[in-house]
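See structure below.
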Amino acid sequence: MNSELRILFIVDAIQGRNGVGTYFQDLACHLEKRVAQVELVAPSLETPHPCQGIALPMPGDATQKVFLPRMRRLTQLAMAMKPHVIVVPGPGLFAVAGFWLASKLSIPVCMTHQTDYSKLVDLYWQGFTGRFAQTMLAWTNLFMFRGSTSIATISQPQVQQLRRQGIPHPHLVGTTLAPEFIEPAISEPRQHIKKILFVGRLAAEKNLHHFLELATQRPDLQFSIVGDGPLRAMVEQQVKRSHNLAFLGWCPRQTVRQQVDQHDLLILPSSVEAFGTVALEAMARKRLVLTTPACGINDWKTLAKGLVVMEAGETLLQALQRIEALPTAERAYICQQGYRGARQLNEDTLDQWLSVLQITANKAHLLPRPIPSATFAVLRRLAAYQT
């Protein structure tokens, strides 16, 4: 039964620092009320997790870090908890460690597919290095897919990607909302657009230069940017030249929610975006959201009426003018539909995840016998004596 499940999430993404990190942070928070036990093993900059080891700079982005897992601690946690399912997003050092540990403990793995790694590699690495990274990521991904009991993903295009890789029956799941975006009272949207917001990593795949160009084209409006990343210097230079652009850097979730409430329109101009959690958060606060066709959130029918999607060949300026030309009542209708759709998706996602986790746990008896491992034997012995 769902109420008896013990679930262990092992995630590389830093909590609260990007879409994947917030995804599992929010999901674990909701599942705590629905299952027997939930543990989230993920790096944290504020309160380091006991399983969090030393940090290394992330290739291509000096503003982020890659943490090594402390395998003794992770082994000790898994052996003490005895989870029914281990959930990993891959590939990553924590995820690979969790995947390997699950194979030694005969625990079913649910792997998630939330990022188009090949497109990101194309943006950050070129030449031989890029080709090598592509090959290694593809091989590791496929190896983990084939060894997982179930695969879950968050958009229809990614479902198709998985099927092309030979995964016949991936599970489609939605995205939950953090309590910070559900519980506080909502201020009704203004009748006119005066303040526009971007929230996300300051990185190439976000098409941030389009947002900055829009701020230059519309000096009559106020623009704000929340986030951090390799393009921070570009943003700071633009802020110095602009009277209508504010840069807040990285902000905690509560501050992000406050910023969403203070703005009239959120823009997600990404060229690569598996879902776009911040768009869902803005919809839950009754704010207008403009996305590109590349954003996975567009594929959810429950959210379609609450989004404005850019048309083919349309610039951000043209899309903004199209929104401004809408009657006030129609903009209010879009906000209301977005609000309802976001709340409904939150509930549907919990049901979807509980179903996937139960299905995965029920297949434990189908797992092959673990292959003996001297490394695991040593870890198990060390974990037993660890204080």
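Please note that chains go A, B, ... in the order of the structure tokens, that every chain numbers its residues from 1, and that ligands are numbered from 1 in the order shown.
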Exercise for the section: Would you list the contacts of Val199 in chain A as a ChimeraX atom specification, taking every protein, DNA or RNA residue within 7 Å and counting only C-alpha atoms, but skipping same-chain residues closer than 6 positions in sequence? Expected result: /A:225-227,278
For those residues, write N, CA, C and O atoms to a file as a PDB file, in the first residue's frame.
```
ATOM      1  N   ILE A 225      15.377  40.373 -13.069  1.00  0.00           N
ATOM      2  CA  ILE A 225      15.996  39.070 -13.310  1.00  0.00           C
ATOM      3  C   ILE A 225      16.390  38.464 -11.968  1.00  0.00           C
ATOM      4  O   ILE A 225      17.067  39.102 -11.155  1.00  0.00           O
ATOM      5  N   VAL A 226      15.960  37.218 -11.752  1.00  0.00           N
ATOM      6  CA  VAL A 226      16.316  36.461 -10.552  1.00  0.00           C
ATOM      7  C   VAL A 226      17.042  35.198 -10.984  1.00  0.00           C
ATOM      8  O   VAL A 226      16.514  34.428 -11.797  1.00  0.00           O
ATOM      9  N   GLY A 227      18.248  34.989 -10.465  1.00  0.00           N
ATOM     10  CA  GLY A 227      18.984  33.783 -10.816  1.00  0.00           C
ATOM     11  C   GLY A 227      20.477  34.026 -10.833  1.00  0.00           C
ATOM     12  O   GLY A 227      20.956  35.141 -10.596  1.00  0.00           O
ATOM     13  N   VAL A 278       9.195  27.228 -12.916  1.00  0.00           N
ATOM     14  CA  VAL A 278       8.864  28.594 -12.510  1.00  0.00           C
ATOM     15  C   VAL A 278       7.610  29.092 -13.216  1.00  0.00           C
ATOM     16  O   VAL A 278       6.850  29.903 -12.670  1.00  0.00           O
TER      17      VAL A 278
END
```
I'd like a table as a tab-separated table: residues in range 107-219 of chain A with an atom no more than 10 Å from range 302-317 of chain A, each row giving the shortest atom pair and its distance in Å to one decimal, only C-alpha atoms counted, sorted by chain and rising residue number.
```
residue	atom	partner	partner_atom	distance
A:His210	CA	A:Leu316	CA	7.0
A:Phe211	CA	A:Leu316	CA	7.5
A:Glu213	CA	A:Leu316	CA	8.8
A:Leu214	CA	A:Leu317	CA	6.0
A:Ala215	CA	A:Leu317	CA	9.3
A:Gln217	CA	A:Leu317	CA	7.6
A:Arg218	CA	A:Leu317	CA	8.2
```
Practice task
Within 8 Å of Leu45 in chain A, counting only C-alpha atoms, which residues show up once you throw out same-chain ones fewer than 2 positions away? Write them as a list in words, please.
Solution key: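 What passes the distance filter is Ile14, Gln15, Pro43, Thr47 and Pro48 of chain A.
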Problem - Near-Ser3 in chain A list (7 Å; only C-alpha atoms; drop same-chain fewer than 6 positions) as an MDAnalysis selection string - result: chainID A and resid 34:36
Output file for the selection above: N, CA and C atoms, as an mmCIF file, in the first residue's frame:
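What ended up in part-v8.cif:
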```
data_model
loop_
_atom_site.group_PDB
_atom_site.id
_atom_site.type_symbol
_atom_site.label_atom_id
_atom_site.label_comp_id
_atom_site.auth_asym_id
_atom_site.auth_seq_id
_atom_site.Cartn_x
_atom_site.Cartn_y
_atom_site.Cartn_z
ATOM 1 N N ARG A 34 2.014 11.237 2.466
ATOM 2 C CA ARG A 34 1.280 10.177 1.780
ATOM 3 C C ARG A 34 1.916 8.792 1.916
ATOM 4 N N VAL A 35 3.191 8.723 2.289
ATOM 5 C CA VAL A 35 3.866 7.429 2.387
ATOM 6 C C VAL A 35 4.489 7.299 3.777
ATOM 7 N N ALA A 36 5.013 6.103 4.072
ATOM 8 C CA ALA A 36 5.548 5.844 5.407
ATOM 9 C C ALA A 36 6.810 6.644 5.684
#
```
Exercise for the section: Please provide as a list in words all residues within 10 Å of range 184-186 of chain A, with the sequence filter that same-chain residues fewer than 3 positions apart are discarded (counting only C-alpha atoms). Expected result: Pro179, Glu180, Phe181, Pro189, Arg257, Gln258, Asp261, Ala284, Arg285, Lys286 and Arg287 of chain A
Practice task
Check the DSSP output for the backbone and give back, as a PyMOL selection string, the residues of range 27-77 of chain A in alpha helix (DSSP H).
Solution key: chain A and resi 27-31+71-77
Practice task
Name the residues in contact with Gln25 in chain A at a cut-off of 12 Å, using only C-alpha atoms, excluding same-chain residues fewer than 5 positions from it; report them as a PyMOL selection string.
Solution key: chain A and resi 9-20+30-32+38-44+175-179+253
Problem - Pick from A:Ser242, A:Thr291, A:Gln52, A:Ser355 nearest to Lys65 in chain A, counting only C-alpha atoms - result: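 For Lys65 in chain A, the nearest of the given residues is A:Gln52.
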Practice task
Tell me, as a ChimeraX atom specification, which residues lie within 8 Å of Phe99 in chain A, counting only C-alpha atoms; anything in the same chain fewer than 6 positions away does not count.
Solution key: /A:86,88,109,144
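Across range 183-290 of chain A, DSSP run on the backbone finds strand (DSSP E) at A:Lys195, A:Ile196, A:Leu197, A:Phe198, A:Val199, A:Gln222, A:Phe223, A:Ser224, A:Ile225, A:Val226, A:Leu245, A:Ala246, A:Phe247, A:Leu248, A:Gly249, A:Leu265, A:Leu266, A:Ile267, A:Leu268, A:Leu288, A:Val289, A:Leu290.
CA of Ser155 in chain A is positioned 12.3 Å from CA of Thr349 in chain A.
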Problem - Residue among A:Pro157, A:Phe223, A:Val378, A:Pro170 lying closest to Ala294 in chain A, counting only C-alpha atoms - result: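 Closest to Ala294 in chain A, using only C-alpha atoms: A:Pro157.
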